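Peer 1: First the structure, which I've put down as C-alpha cells, then a few questions once you've had a look.
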Amino acid sequence: MKLVISSAILDDLQQLARETAPEEACGLLFGDDRVVSSFRVTKNVAKNPLRHFEIDPRDLIAAERAMRDHGPRIVGYYHSHPSGSVKPSKTDANMAAPDDRIWLIINGQEAAAWRTLENGEIYDRFDPITLDCEGTKGQTADN
C-alpha cells in the first residue's frame, strides 16, 4: 500500500512544520484512493501543543459535513513531531481511530505515512505505508 502525494504538497507541509515548531502542526489531508490532492491547516487545540496535537473539532466536523455534501474527501490527517521521529508515538496510537485513514507524520525534513487499523503493527494501531512523490508529475499544492 502507498500514499501518493506531490512533492509540492509535501514541501509545503514540511515548511509549515518548521514554521510551527516548537509546537506541533496539524491538519487534514484530502483526495481519493490514497492520493492526496490538497490539505487544510487546522488549529492545534491540545492543552500542550509542544508535545501533543489535537485537530480543532470544529474544523474536523466542518470537513466531515462538507464531505457528506460531495465536498473534498478526507483521506487522513497530518501532524508534526518537531524534535522527534516520524514514527507514531504511543499517544498517537491512543488517539487514532482504527478507521483506515492515513496519518502523515512530518518533522520539517522527513515524513512517513501510516494507516490506522485494528491490530496494527505499531502499538496495535498503525501499519506503515510507502510515500510516493514520483507518481504526481504536474500536481501542485492547493490548500
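Following the order of the C-alpha cells, chains are lettered A, B, ..., residues in each are numbered from 1, and ligands are numbered from 1.
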If we count only C-alpha atoms and set the cut-off at 8 Å, which residues sit around range 26-34 of chain A, ignoring sequence neighbours fewer than 2 positions away in its own chain? Please answer as JSON, numbers by chain.
Peer 2: {"A": [2, 3, 4, 24, 36, 37, 38, 39, 40, 41, 42, 43, 44, 53, 54, 55, 60, 72, 73, 74, 75, 76, 77, 78, 79, 80]}
Peer 1: List every residue of range 26-111 of chain A that DSSP, applied to the backbone of this structure, assigns to strand (DSSP E or B), and report them as a PyMOL selection string.
Peer 2: chain A and resi 26-32+35-42+44+55+74-80+102-106+111
Peer 1: With C-alpha atoms retained, export the selected residues as a PDB file, in the first residue's frame.
Peer 2:
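The resulting again_25.pdb:
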```pdb
ATOM      1  CA  CYS A  26      -1.714  19.558  12.343  1.00  0.00           C
ATOM      2  CA  GLY A  27      -4.380  19.398   9.702  1.00  0.00           C
ATOM      3  CA  LEU A  28      -6.448  17.426   7.230  1.00  0.00           C
ATOM      4  CA  LEU A  29      -5.474  15.632   4.012  1.00  0.00           C
ATOM      5  CA  PHE A  30      -7.947  15.470   1.119  1.00  0.00           C
ATOM      6  CA  GLY A  31      -8.032  13.346  -2.012  1.00  0.00           C
ATOM      7  CA  ASP A  32      -9.150   9.985  -3.369  1.00  0.00           C
ATOM      8  CA  VAL A  35      -3.835  10.167  -3.466  1.00  0.00           C
ATOM      9  CA  VAL A  36      -3.516  13.481  -1.609  1.00  0.00           C
ATOM     10  CA  SER A  37      -4.717  16.380  -3.747  1.00  0.00           C
ATOM     11  CA  SER A  38      -4.859  19.103  -1.079  1.00  0.00           C
ATOM     12  CA  PHE A  39      -4.582  19.800   2.619  1.00  0.00           C
ATOM     13  CA  ARG A  40      -6.054  22.142   5.189  1.00  0.00           C
ATOM     14  CA  VAL A  41      -4.170  23.619   8.118  1.00  0.00           C
ATOM     15  CA  THR A  42      -6.138  23.391  11.357  1.00  0.00           C
ATOM     16  CA  ASN A  44      -3.838  22.645  17.285  1.00  0.00           C
ATOM     17  CA  ILE A  55      -7.238  18.996  15.442  1.00  0.00           C
ATOM     18  CA  ILE A  74     -10.821  13.323   3.878  1.00  0.00           C
ATOM     19  CA  VAL A  75      -8.146  10.668   3.321  1.00  0.00           C
ATOM     20  CA  GLY A  76      -6.316  11.354   6.543  1.00  0.00           C
ATOM     21  CA  TYR A  77      -4.517  13.698   8.860  1.00  0.00           C
ATOM     22  CA  TYR A  78      -1.053  15.150   9.221  1.00  0.00           C
ATOM     23  CA  HIS A  79       0.859  16.367  12.210  1.00  0.00           C
ATOM     24  CA  SER A  80       4.432  17.166  13.091  1.00  0.00           C
ATOM     25  CA  ILE A 102      -3.816   7.931   6.786  1.00  0.00           C
ATOM     26  CA  TRP A 103      -1.647   9.608   9.389  1.00  0.00           C
ATOM     27  CA  LEU A 104       1.197  11.539   7.776  1.00  0.00           C
ATOM     28  CA  ILE A 105       3.869  12.462  10.307  1.00  0.00           C
ATOM     29  CA  ILE A 106       6.449  15.092   9.403  1.00  0.00           C
ATOM     30  CA  ALA A 111       7.992  12.225   6.502  1.00  0.00           C
TER      31      ALA A 111
END
```
Peer 1: Pick out the closest residue to Asp100 in chain A from this set: A:Leu16, A:His81, A:Asp127, A:Leu10. Count only C-alpha atoms.
Peer 2: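 Looking at the shortest contact to Asp100 in chain A, the residue is A:Asp127.
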Peer 1: In Å, with one decimal, what is the gap from CA of Asp124 in chain A to CA of Lys90 in chain A?
Peer 2: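 One can read the CA of Asp124 in chain A to CA of Lys90 in chain A distance as 9.8 Å.
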Peer 1: Between A:Glu23, A:Asp11, A:Asp132, A:Asp69, which has the minimum distance to Pro49 in chain A (counting only C-alpha atoms)?
Peer 2: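 The closest residue to Pro49 in chain A is A:Glu23.
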Peer 1: Please extract the residues of range 11-110 of chain A with a backbone DSSP assignment of alpha helix (DSSP H) and present them as a PyMOL selection string.
Peer 2: chain A and resi 11-20+57-68+90-95
Peer 1: Just the number, please: distance in Å from CA of Ala21 in chain A to CA of Ser83 in chain A, one decimal.
Peer 2: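 Separation between CA of Ala21 in chain A and CA of Ser83 in chain A: 8.3 Å.
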Peer 1: In terms of the shortest atom-to-atom distance over only C-alpha atoms, which of A:Leu13, A:Asp99, A:Ile5, A:Lys87 is closest to Trp114 in chain A?
Peer 2: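 Under the stated criterion, the closest residue is A:Lys87.
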